Every structure is written in C-alpha cells, then in structure tokens.
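S.K.: Sending over a structure as structure tokens; questions will come in a sec.
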Amino acid sequence: MVTQQKKANKLASASLIGKMMLASFEDIKRQAAEGKKVVWANGLPVYVLARAADLPVLHAEGLIAGLAARKQEKPLQDAAEAFGMLPDACSYARSFLGAARIAKGDFKLDASVNREAVTMPKPDLYVNSAGGCGTGRVWGESMAVYLGIPVYHFEPKFIWDESDLEPSVADFVEQEKEFIQLLEKVTGKPYNWNRLKELLVEVKKAVTLRAEVMKLCRNVPSPASFFDWATSIGIVAHLIGLPGTGDLLTQMKKEVEERIVKGTGAVPVEKYRLYWDGILTWSNIGGLANKFAALDACVVVSTYTNLVWWPRPDMIDPEKPLESIAYNCCDIVLLRNYPYRIKALSELCHEFSIDGMVLSETQTCRAFNGHHFMLMDGLARKLGIPAVTINGDSCDPRFYSDAQVDTRLQALLETIDARKKAG
Amino acid sequence: MEQIMNRFRSVVEAPYEKLAEWKNAGKRKVVACSPMHFPEELIHAAGMLPVVLQETNEAITTGFSHIHPFYCGITRNMVDIADKGQLNFLDAIFYSDICVQARTATCILQQTLPRTRVEYMRLPMSLNRPNASEDTVREFDKVKSTVESIAGNKIDDSALKQSIRVYNKNRSLLRSLRDLRKANPGLLAYRDMLLIIQAGMLMPKEEHSELLEKLLARLKKGKAASRKGKKIFLSGHLCQKPKADILDLIEGMGGIIVDDDLYTGYRYYALDAEENGSPFQALVKRYLETSLPVPTRSYLPVRWDKYLVDKATANRAQGVISLVVKYCEPHLFHYPFIKEALAAAGIPHIMLETEHEVVSLEGTRTRLQAFMEMLG
C-alpha cells in the first residue's frame with residue numbers, strides 16, 4: 001500500500017477549466033430555452049462545423065468525463081442499464097444514452113440526484129465523429145433512433161498504409177460538405193462560411209499554443225503533467241471554438257514558464273518520467289494524480305493528450321477550413337497501424353526523456369487498448385523502456401482497483417530503478 | 001446420410017489443421033477472410049480456396065500476450081491460434097472493418113504472422129451516402145488487385161460470373177435445406193443445421209454443394225419423427241457460430257428453432273448476387289443490399305428490432321432467444337431496442353450472453369428452463 005503524503009502540484013490555470021465547462025453546459029441550456037436547436041456529438045471535434053452554424057453543441061465525452069470526475073455519473077449509467085444496456089458496453093456511450101433517457105424524461109431520477117448536473121436539453125441533431133472507433137457509429141445510431149432525430153456519421157478511414165491518408169482526407173471533406181447540407185436543413189439558413197473561417201482562426205491559435213505549452217514539459221522537472229492536460233482537454237474538445245479558451249491557454253503558458261524559471265515541477269520530486277497510453281480513468285483523476293506524485297513519478301506525456309486532439313495544427317489553414325478539420329480528424333494515431341504508432345510513441349518518449357510507460361486498460365473501450373501489448377513489446381525492444389498495464393475505465397468506476405494500480409506501479413518503478421542501476 | 005454428416009464434422013473439427021493438410025497435399029492456395037461482407041467469390045474466381053475464419057473451441061492461452069480478455073471470443077481466438085501457428089499455412093488473410101475489434105485483430109495478426117499477407121478492407125459503413133456505391137467499387141477493386149497478386153493471375157469477368165453461379169447455387173441449396181427443415185424440424189437438429197453451413201465456409205463450395213444435394217435427396221426420402229415443442233426464433237451472434245451445447249440445451253428442453261438471423265445461419269445464405277450483367281457490380285450491389293439488417297452499418301432502412309419482430313411473427317415463434325456474444329458492441333447497442341420492440345409486440349424473449357469458454361451451462365440451463373416453462 002502506497003502512503004500518499006506528497007500530492008500533485010496541479011496547474012492553477014488548468015483547474016479553471018471545470019468552471020468553464022459547467023458554464024458552457026448552462027449556456028447550452030439557456031440557448032435551448034430560447035428556442036435554439038441543439039446538437040449532441042461524440043468523438044472528434046468536427047462538430048465545430050455546427051458551432052459555425054450558431055448551434056450549441058454538447059460533446060458527450062466532455063459532459064461524461066466531468067460527471068465521472070465529480071462522481072456524478074451513476075444516474076446516467078443506471079438509466080442506460082434500465083433500458084437494457086449491458087455494462088460491458090463503452091461507458092461513455094452508455095452514460096450518454098442514459099443522458100438521452102433523462103433528457104427525454106424516460107427515466108425517473110432518485111431525489112438524491114443532482115438533477116441540474118445530469119439533465120441536458122434534448123438534441124435536435126446528433127453527430128458522430130468517433131475517429132478510430134467503430135463503436136461510435138452504433139452509439140450514434142442508437143442515440144438518434146432513441147431520440148427520433150437525424151444523425152450524421154463521420155467515417156474517417158483506418159490508414160492501413162500511408163497512401164490511404166490523402167484519399168481519406170478527400171473523402172472526409174466530402175462528408176463535411178454533406179454534414180453542412182444537413183446543418184442548413186436543420187437551421188433553415190445558408191451556412192455561415194465566414195463564421196467557420198473565423199472559428200478556425202481561433203482554433204489554430206488555441207491548438208498551436210497548447211502544443212507549444214505541452215512541449216515545455218520536455219523540461220526537467222516537467223512543469224506540468226498529463227493530469228493537467230487531461231483535466232484541461234476540454235479546451236480542444238468540448239470548448240473548441242468557444243470564447244475564453246485562448247485566454248486560458250495564455251494563462252497556462254505563463255504559469256508553466258514561471259514554473260520552469262523557478263524549477264517547480266508538477267510533482268514534488270521528479271525521479272521518474274512516464275508516458276501514459278490509453279484513456280484516463282476519469283472517476284479517479286485526482287487520486288491517480290496524487291498517487292503518481294507520491295511515487296515521485298511525473299506522467300509527462302500521453303497519446304490521448306498529445307496525439308488525438310488536433311494533432312495537425314500545421315495543417316490548419318482558416319482559408320481551407322474543411323481540409324483543416326479533415327486532416328485533424330483523419331491523421332490521428334487511433335486511425336493508424338502499429339508501425340506508425342511505434343514510431344510516433346518512440347519519438348515522443350525520446351523527446352520527453354521517458355523512463356517507462358503506463359498503459360491504461362479502459363475495460364469498456366476496445367478502440368484504445370488494441371495495440372497495447374504490441375506497444376509494450378515494441379517500445380521495450382526499441383527504447384528499452386519498461387511498461388505496465390493498469391486496469392480501469394473511462395467513466396465506470398466499477399472497473400477500477402486501487403490495489404492493482406499500486407502493485408503495478410511499484411513493479412514499474414522498481415524495473416526502471418534496476419535498469420538504471422544496470423546502466 | 002451419416003457419411004455426409006461425418007464429412008461436414010471432419011471439416012469443422014480442427015478446421016485449420018485439416019485445411020493445412022488439404023493445401024499441403026498439393027491443392028490450391030488458401031485465403032481466409034473475416035466473417036461478414038467479404039466477397040468470397042473474388043478469391044474463388046482467382047482459383048484459390050476462400051475460407052471464412054471460424055472460432056475454434058480451444059482455450060485462449062498464449063494469445064493473452066497480445067490481446068485483452070475484454071475482447072470478443074472470435075477476436076481473442078483468432079489472435080490466439082495465430083500465435084500458436086495454426087494460421088501459418090494461409091496464403092493471405094483479409095479482414096473487413098466490421099467493428100473496432102476486427103480492426104484490432106487485423107493489426108495484431110499483421111505483426112504475429114509476418115510471413116502471411118494480412119490485408120484490411122474498409123467498406124463504407126453509411127450505406128445511404130451518395131458515394132457509397134463508388135466507395136464500395138473502389139475498395140472491391142483494390143481487393144481484387146490484391147487477390148490477383150496473391151493468386152498470380154487475373155480475374156476475368158467470365159471466371160467471376162462462374163464463381164457467382166457456384167456461390168448462388170450453394171446458397172440456394174442451403175435455403176432449400178432451411179425450408180425442408182422448417183416444414184419438418186425433426187429432420188435435422190439445429191446444431192447439425194449450423195454445422196452444415198459452417199462446413200461450407202471451410203471447404204470447396206463445389207464439394208459442399210454436391211454433398212448438400214445428396215443430403216437433401218436423402219432427407220426428402222426419409223421419414224423423421226415429427227417434433228412438437230415450443231417454436232423459438234434464434235437471434236444474434238453477428239459473426240461467430242453459437243456453441244452446439246447451447247443449441248442442444250434449447251432443443252433438449254423442447255424448443256424447436258424455427259428460424260434464425262445468425263451470420264452462420266440465415267444471413268450467410270439469404271442473398272444471392274445477380275448473375276446477369278457485370279459480375280463485379282453484382283458483388284457491389286450485394287454488399288449494398290439492405291433488406292437484411294446489418295448491425296455493423298448505419299442508416300439502416302431495416303432496423304434489426306423491427307426485422308426480428310416481423311420474422312418472429314411470420315414464423316409464429318412463441319419466443320425469441322437472443323444470443324449476445326460477450327463484448328460484441330454492435331449487438332450491445334442494438335439489444336435494448338430489440339428488447340423493447342419484442343416486449344411491445346408481446347413476444348416473450350430471453351437474452352443469453354455467450355462466451356468463448358463455456359465454463360458451465362448450469363446457469364443457462366436454469367434460465368432456459370424457466371423461459372420455456374413461461375412459454376406455456
């Protein structure tokens with residue numbers, strides 16, 4: 001059992017995201033009450049297209065992750081399971097279906113539940129853009145059928161070899177055009193292309209700045225950790241294109257730069273620098289952050305924060321908004337085969353001076369975990385980096401075991417120590 | 001008849017061992033494809049033997065060094081048997097993008113079978129998109145070129161037409177068998193019905209059809225004891241065959257399986273490809289056909305839940321048994337709607353979760369018993 005005395009030194013600025021997210025959900029409710037049509041979405045932020053059409057967008061993962069972090073996810077999962085969803089299904093999807101049932105008034109909430117937190121306005125349109133995840137499609141289809149609303153499924157293709165990327169991008173652009181036609185039908189108005197270009201200017205600023213700030217974690221000690229980037233993932237996910245994200249990132253950059261000057265790390269003592277692959281166990285984000293800190297380990301970089309959300313800021317050209325979005329939805333690591341992943345992860349591990357890897361096995365996600373054993377093996381051979389897996393789930397706390405995580409982390413750090421000693 | 005059934009059983013038991021022996025005896029190249037959607041006729045027309053990957057009964061062991069336990073049975077099994085070398089004899093493996101687990105399996109197989117060509121087919125999943133047909137043509141064309149390069153010869157239209165005829169004949173014979181059995185369920189246990197279909201996925205279609213014709217002739221002549229029991233419609237198992245134990249349990253308790261919507265059942269032989277016109281376009285059209293529910297695709301004009309209610313009603317089924325493969329997400333998301341639709345239609349229904357490893361059937365037995373009693 002790990003005695004947790006040291007705690008994570010969280011970025012103060014990253015902690016502001018929680019309030020921004022909640023304010024955004026309230027704003028969706030306000031706009032719905034004023035008669036605006038509402039969009040629900042899962043997956044990658046192609047829903048920024050809907051924001052340009054002046055539609056409020058609720059991002060599934062943004063809502064559910066936050067609820068899980070605040071331990072408020074259970075009513076949604078209960079609602080889904082009462083409908084017949086089995087607990088093995090993706091917990092993001094289950095929870096969002098539960099949210100749909102609550103929004104529709106089909107599930108009676110217990111008096112003890114915080115209704116405000118779990119009740120969102122019913123959508124008029126659903127968009128699925130789960131890049132790299134076929135489950136996103138059946139999820140989106142279920143939502144649309146349940147709610148009786150139109151749905152658009154974005155289908156970025158898996159890049160089996162490099163020659164597949166450009167055709168996939170070209171096809172994705174066509175899909176965006178089809179989606180825009182649907183938006184015009186839903187809103188009854190011509191699409192606001194100028195607004196989309198304006199949004200892309202803000203998106204480019206935000207994602208470029210975020211990439212710069214994350215790169216500062218190459219510093220030893222790392223001024224921020226994966227837990228800070230994960231907590232603030234909303235900046236490039238649910239909140240993308242909304243006001244305030246640029247300011248928050250500027251604040252984060254300032255705070256990180258100040259820490260570098262002072263030599264302040266994200267953990268009190270940084271003895272180990274780690275890579276995290278897989279989704280975060282949102283229901284225990286705070287606990288995990290402190291657990292690593294107590295072990296003198298800083299999780300410096302991750303696939304989820306560095307390689308999934310807007311990974312191609314270089315391809316964002318506000319004058320070519322559809323292509324910009326297409327590259328950022330098609331050229332993500334989840335849509336890439338093993339050789340690419342090994343290369344991408346090796347480069348990150350090298351860049352950020354990584355000692356070991358933690359592979360988070362999200363028990364209800366079969367999209368993110370598939371390559372884990374290959375990665376463990378491949379990275380161990382290529383870079384001599386040891387790895388462990390830890391079990392959990394994105395937002396179903398029933399799958400998480402603290403004791404298992406403790407044991408595995410201890411084994412990882414002992415292995416790192418032994419290898420360092422052996423030279 | 002026993003001789004014919006023994007031939008089918010021999011193909012299905014230890015299938016990969018048998019196929020390796022067959023190939024090594026100087027027969028044709030063998031190319032495997034994942035269940036659902038893959039146009040086997042392309043492989044056949046190139047002069048190679050197409051086989052549809054089947055789950056074996058062995059326990060997963062070394063495969064767990066490549067894949068997690070929370071993936072579906074057939075995915076874990078394929079990774080496991082590949083790791084054990086049982087698929088080394090294959091000249092190529094084609095997987096199609098039916099779900100994220102199939103995608104994972106493909107990536108793993110590509111690494112664990114470095115001497116085998118492993119390819120991934122990405123067909124459009126939204127069948128109502130304006131370019132769905134064009135996209136399918138493009139992908140099938142790619143597959144065709146790859147198949148030709150493996151075979152070392154081109155596939156011409158007349159060869160492809162002939163392959164379509166061979167496959168259509170086989171499907172027609174299976175439909176005849178189904179109809180014969182429906183009229184007299186005592187003719188064939190359901191485990192044998194599915195065994196016959198599965199065997200066809202693992203042997204030359206020509207031989208399978210020949211055996212089917214002989215079997216049908218015998219069955220038409222013979223007199224089977226008429227069976228009385230509770231009429232059951234069997235649903236589920238999107239790409240793997242249900243274990244015979246469960247089928248025996250259902251029938252042993254007085255259930256008469258009148259029809260199914262399983263992949264290794266009706267869905268495999270329900271639809272033919274057109275024999276007139278371009279054979280390549282015929283295969284494209286068959287893929288885009290949506291008269292059967294396709295749970296791994298979107299914008300379905302035929303929802304699975306409605307289809308099931310209609311089929312159960314048409315077959316006068318007294319109950320529906322949904323076999324849900326553990327961790328099969330396409331099914332998990334459809335299931336609540338199926339449950340709701342059957343309840344609204346007043347059709348009794350039970351869901352049984354199935355797993356690769358059958359540890360104990362006692363719990364299933366108890367639940368099935370209660371269900372059968374409920375049917376009155």
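Letters for chains follow the order of the structure tokens (A, B, ...), residue numbers begin at 1 for each chain, and ligand numbers begin at 1 in the order shown.
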Could you pull the residues within 10 Å of region 159-168 of chain B, counting only C-alpha atoms, minus those fewer than 4 positions along the same chain, as a count of residues only?
M.R.: 31
S.K.: Report as JSON, numbers by chain: the residues of region 39-270 of chain B with a DSSP assignment of strand (DSSP E), based on the backbone of this structure.
M.R.: {"B": [49, 50, 51, 52, 92, 93, 94, 95, 96, 117, 118, 119, 120, 121, 230, 231, 232, 233, 234, 235, 236, 255, 256, 257, 258, 259, 260]}
S.K.: Sorted by chain and rising residue number, list the residues of chain B at most 10 Å from chain A (counting only C-alpha atoms), each with its closest atom pair and distance in Å to one decimal, as a Markdown table.
M.R.:
| residue | atom | partner | partner_atom | distance |
| --- | --- | --- | --- | --- |
| B:Phe64 | CA | A:Phe373 | CA | 9.1 |
| B:Ser65 | CA | A:Phe373 | CA | 6.7 |
| B:His66 | CA | A:Phe373 | CA | 5.3 |
| B:Ile67 | CA | A:Gly370 | CA | 6.8 |
| B:His68 | CA | A:Gly370 | CA | 7.8 |
| B:Pro69 | CA | A:Gln363 | CA | 9.2 |
| B:Phe70 | CA | A:Gln363 | CA | 6.6 |
| B:Tyr71 | CA | A:Arg366 | CA | 6.9 |
| B:Cys72 | CA | A:Arg366 | CA | 9.6 |
| B:Asp97 | CA | A:Gly134 | CA | 8.3 |
| B:Ile98 | CA | A:Gly134 | CA | 7.8 |
| B:Cys99 | CA | A:Gly134 | CA | 5.3 |
| B:Val100 | CA | A:Gly134 | CA | 5.1 |
| B:Gln101 | CA | A:Arg366 | CA | 6.4 |
| B:Ala102 | CA | A:Gly134 | CA | 9.8 |
| B:Arg103 | CA | A:Gly370 | CA | 8.6 |
| B:Thr104 | CA | A:Gly370 | CA | 5.2 |
| B:Ala105 | CA | A:Gly370 | CA | 8.0 |
| B:Thr106 | CA | A:Asn337 | CA | 9.5 |
| B:Cys107 | CA | A:Asn337 | CA | 6.5 |
| B:Ile108 | CA | A:His371 | CA | 7.4 |
| B:Gln110 | CA | A:Tyr338 | CA | 9.0 |
| B:Gln111 | CA | A:Tyr338 | CA | 8.2 |
| B:Thr112 | CA | A:Met374 | CA | 9.6 |
| B:Glu119 | CA | A:Trp160 | CA | 8.2 |
| B:Tyr120 | CA | A:Trp160 | CA | 7.0 |
| B:Met121 | CA | A:Trp160 | CA | 9.1 |
| B:Arg122 | CA | A:Lys157 | CA | 6.9 |
| B:Leu123 | CA | A:Lys157 | CA | 9.0 |
| B:Pro124 | CA | A:Glu155 | CA | 8.0 |
| B:Met125 | CA | A:Glu155 | CA | 7.6 |
| B:Ser126 | CA | A:His153 | CA | 7.2 |
| B:Arg129 | CA | A:Gln175 | CA | 8.7 |
| B:Pro130 | CA | A:Glu178 | CA | 9.1 |
| B:Asn131 | CA | A:Asp171 | CA | 9.3 |
| B:Asp135 | CA | A:Asp171 | CA | 9.4 |
| B:Pro295 | CA | A:Val138 | CA | 8.0 |
| B:Thr296 | CA | A:Val138 | CA | 7.2 |
| B:Arg297 | CA | A:Val138 | CA | 7.8 |
| B:Ser298 | CA | A:Glu141 | CA | 6.7 |
| B:Tyr299 | CA | A:Glu141 | CA | 7.7 |
| B:Leu300 | CA | A:Glu141 | CA | 9.4 |
| B:Arg303 | CA | A:Val145 | CA | 9.6 |
| B:Lys326 | CA | A:Asp88 | CA | 7.8 |
| B:Tyr327 | CA | A:Asp88 | CA | 6.0 |
| B:Cys328 | CA | A:Ala89 | CA | 8.2 |
| B:Glu329 | CA | A:Ala89 | CA | 6.1 |
| B:Pro330 | CA | A:Val138 | CA | 6.0 |
| B:His331 | CA | A:Val138 | CA | 8.9 |
| B:Leu332 | CA | A:Ala89 | CA | 6.5 |
| B:Phe333 | CA | A:Val138 | CA | 6.3 |
| B:His334 | CA | A:Ser142 | CA | 7.2 |
| B:Tyr335 | CA | A:Gly84 | CA | 6.9 |
| B:Pro336 | CA | A:Gly84 | CA | 4.5 |
| B:Phe337 | CA | A:Gly84 | CA | 8.1 |
| B:Ile338 | CA | A:Gly84 | CA | 9.3 |
| B:Lys339 | CA | A:Gly84 | CA | 7.3 |
| B:Glu340 | CA | A:Phe83 | CA | 8.2 |
S.K.: Could you state the separation of CA of Pro348 (chain B) and CA of Gly319 (chain B) in Å, given to one decimal place?
M.R.: 4.8 Å
S.K.: Which one of B:Thr146, B:Gln54, B:Gln369, B:Thr116 sits closest to Gln198 (chain B) if you count only C-alpha atoms?
M.R.: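 Result for the nearest residue to Gln198 (chain B): B:Gln54.
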S.K.: Give the alpha helix (DSSP H) residues of region 157-294 of chain A, as DSSP finds them on the backbone, and put them as number ranges by chain.
M.R.: A: 165-187, 193-215, 226-231, 245-262, 285-294
S.K.: In Å, how far is it from CA of Ala344 (chain B) to CA of Ala317 (chain B)?
M.R.: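 Rounded to one decimal, the two atoms are 15.3 Å apart.
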S.K.: So that I can check the surroundings of Leu219 (chain B), please list as a compact mmCIF listing (two decimals) with C-alpha atoms, in the first residue's frame every protein, DNA and RNA residue that reaches within 10 Å of it, counting only C-alpha atoms and ignoring chain neighbours fewer than 4 positions away.
M.R.:
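What follows is the written file around.txt:
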# COMPACT_ATOMS: atom_id res chain seq x y z
CA MET B 1 -26.55 -39.58 -44.53
CA LEU B 177 -32.38 -27.23 -46.62
CA LEU B 180 -37.20 -28.53 -45.69
CA ARG B 181 -36.25 -28.35 -42.05
CA LEU B 187 -35.30 -33.89 -39.82
CA LEU B 188 -32.23 -32.17 -38.52
CA GLU B 213 -27.63 -32.20 -52.96
CA LYS B 214 -27.12 -35.76 -51.72
CA LEU B 215 -28.23 -34.79 -48.23
CA LYS B 223 -39.22 -40.07 -42.57
CA ALA B 224 -38.34 -38.14 -39.50
S.K.: Neighbouring residues of region 247-255 of chain A were defined as those with any atom within 7 Å, considering only C-alpha atoms; residues of the same chain fewer than 4 positions away were excluded. Please report them as a ChimeraX atom specification.
M.R.: /A:13-14,206,209-210,213,259
S.K.: Take the selection from the previous step and output its residues with C-alpha atoms, as an mmCIF file, in the first residue's frame.
M.R.:
data_model
loop_
_atom_site.group_PDB
_atom_site.id
_atom_site.type_symbol
_atom_site.label_atom_id
_atom_site.label_comp_id
_atom_site.auth_asym_id
_atom_site.auth_seq_id
_atom_site.Cartn_x
_atom_site.Cartn_y
_atom_site.Cartn_z
ATOM 1 C CA SER A 13 -4.850 27.655 -14.520
ATOM 2 C CA ALA A 14 -5.843 24.138 -15.611
ATOM 3 C CA ALA A 206 -5.596 27.576 -29.402
ATOM 4 C CA LEU A 209 -0.469 27.444 -28.299
ATOM 5 C CA ARG A 210 -1.469 24.268 -26.491
ATOM 6 C CA VAL A 213 2.855 24.668 -23.866
ATOM 7 C CA ARG A 259 7.463 27.180 -13.046
#
S.K.: Can you pull out the residues contacting Pro15 (chain B)? Cut-off 8 Å, using only C-alpha atoms, and skip same-chain residues under 5 positions away; I want them as an MDAnalysis selection string.
M.R.: chainID B and resid 10 56 202
S.K.: Please produce an output containing C-alpha atoms for each residue in the selection, written as a CSV table (one decimal), in the first residue's frame.
M.R.:
chain,number,residue,atom,x,y,z
B,10,SER,CA,-14.5,-33.6,-40.1
B,56,THR,CA,-12.3,-22.9,-32.6
B,202,LEU,CA,-14.3,-24.2,-44.7
S.K.: If you count only C-alpha atoms, which residues fall within 12 Å of Ile235 (chain A), apart from same-chain ones fewer than 4 positions away, as a VMD selection string?
M.R.: chain A and resid 13 to 18 20 to 21 24 45 59 62 202 to 203 205 to 211 228 to 231 239 to 250 252 305 309 to 310
S.K.: Figure out the distance between CA of Asn42 (chain A) and CA of Asp27 (chain A), please, to one decimal in Å.
M.R.: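 Straight-line distance from CA of Asp27 (chain A) to CA of Asn42 (chain A) works out to 18.7 Å.
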S.K.: Using only C-alpha atoms, determine which residues lie at most 12 Å from Tyr190 (chain B), disregarding the query and same-chain residues fewer than 4 positions distant; provide the list as a ChimeraX atom specification.
M.R.: /B:177-178,181-182,184-186,194-197,232-234,241-252,255-260,264-265
S.K.: Can you write just those residues out, C-alpha atoms, as a PDB file, in the first residue's frame?
M.R.:
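selection-v2.pdb written:
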ATOM      1  CA  LEU B 177     -32.375 -27.226 -46.617  1.00  0.00           C
ATOM      2  CA  ARG B 178     -33.747 -24.497 -44.390  1.00  0.00           C
ATOM      3  CA  ARG B 181     -36.245 -28.351 -42.049  1.00  0.00           C
ATOM      4  CA  LYS B 182     -38.808 -25.660 -41.321  1.00  0.00           C
ATOM      5  CA  ASN B 184     -40.261 -30.791 -40.524  1.00  0.00           C
ATOM      6  CA  PRO B 185     -37.913 -29.767 -37.712  1.00  0.00           C
ATOM      7  CA  GLY B 186     -37.381 -33.371 -36.672  1.00  0.00           C
ATOM      8  CA  LEU B 194     -25.414 -24.754 -38.376  1.00  0.00           C
ATOM      9  CA  LEU B 195     -22.626 -27.333 -38.687  1.00  0.00           C
ATOM     10  CA  ILE B 196     -23.548 -27.826 -42.346  1.00  0.00           C
ATOM     11  CA  ILE B 197     -23.464 -24.090 -43.014  1.00  0.00           C
ATOM     12  CA  ILE B 232     -38.274 -20.439 -30.991  1.00  0.00           C
ATOM     13  CA  PHE B 233     -36.685 -17.808 -33.200  1.00  0.00           C
ATOM     14  CA  LEU B 234     -32.938 -17.674 -32.589  1.00  0.00           C
ATOM     15  CA  LYS B 241     -21.251 -19.721 -34.652  1.00  0.00           C
ATOM     16  CA  PRO B 242     -23.033 -20.422 -31.356  1.00  0.00           C
ATOM     17  CA  LYS B 243     -21.671 -23.344 -29.377  1.00  0.00           C
ATOM     18  CA  ALA B 244     -23.506 -26.590 -30.101  1.00  0.00           C
ATOM     19  CA  ASP B 245     -24.058 -27.083 -26.339  1.00  0.00           C
ATOM     20  CA  ILE B 246     -26.422 -24.134 -26.203  1.00  0.00           C
ATOM     21  CA  LEU B 247     -28.338 -25.278 -29.277  1.00  0.00           C
ATOM     22  CA  ASP B 248     -28.681 -28.752 -27.749  1.00  0.00           C
ATOM     23  CA  LEU B 249     -29.920 -27.225 -24.499  1.00  0.00           C
ATOM     24  CA  ILE B 250     -32.615 -25.268 -26.309  1.00  0.00           C
ATOM     25  CA  GLU B 251     -33.795 -28.256 -28.307  1.00  0.00           C
ATOM     26  CA  GLY B 252     -33.392 -30.644 -25.374  1.00  0.00           C
ATOM     27  CA  GLY B 255     -37.527 -25.777 -28.107  1.00  0.00           C
ATOM     28  CA  ILE B 256     -37.963 -26.002 -31.864  1.00  0.00           C
ATOM     29  CA  ILE B 257     -35.755 -23.444 -33.552  1.00  0.00           C
ATOM     30  CA  VAL B 258     -37.898 -22.429 -36.486  1.00  0.00           C
ATOM     31  CA  ASP B 259     -35.545 -19.853 -37.959  1.00  0.00           C
ATOM     32  CA  ASP B 260     -32.652 -17.572 -37.158  1.00  0.00           C
ATOM     33  CA  THR B 264     -23.536 -18.651 -39.503  1.00  0.00           C
ATOM     34  CA  GLY B 265     -27.216 -19.232 -40.224  1.00  0.00           C
TER      35      GLY B 265
END
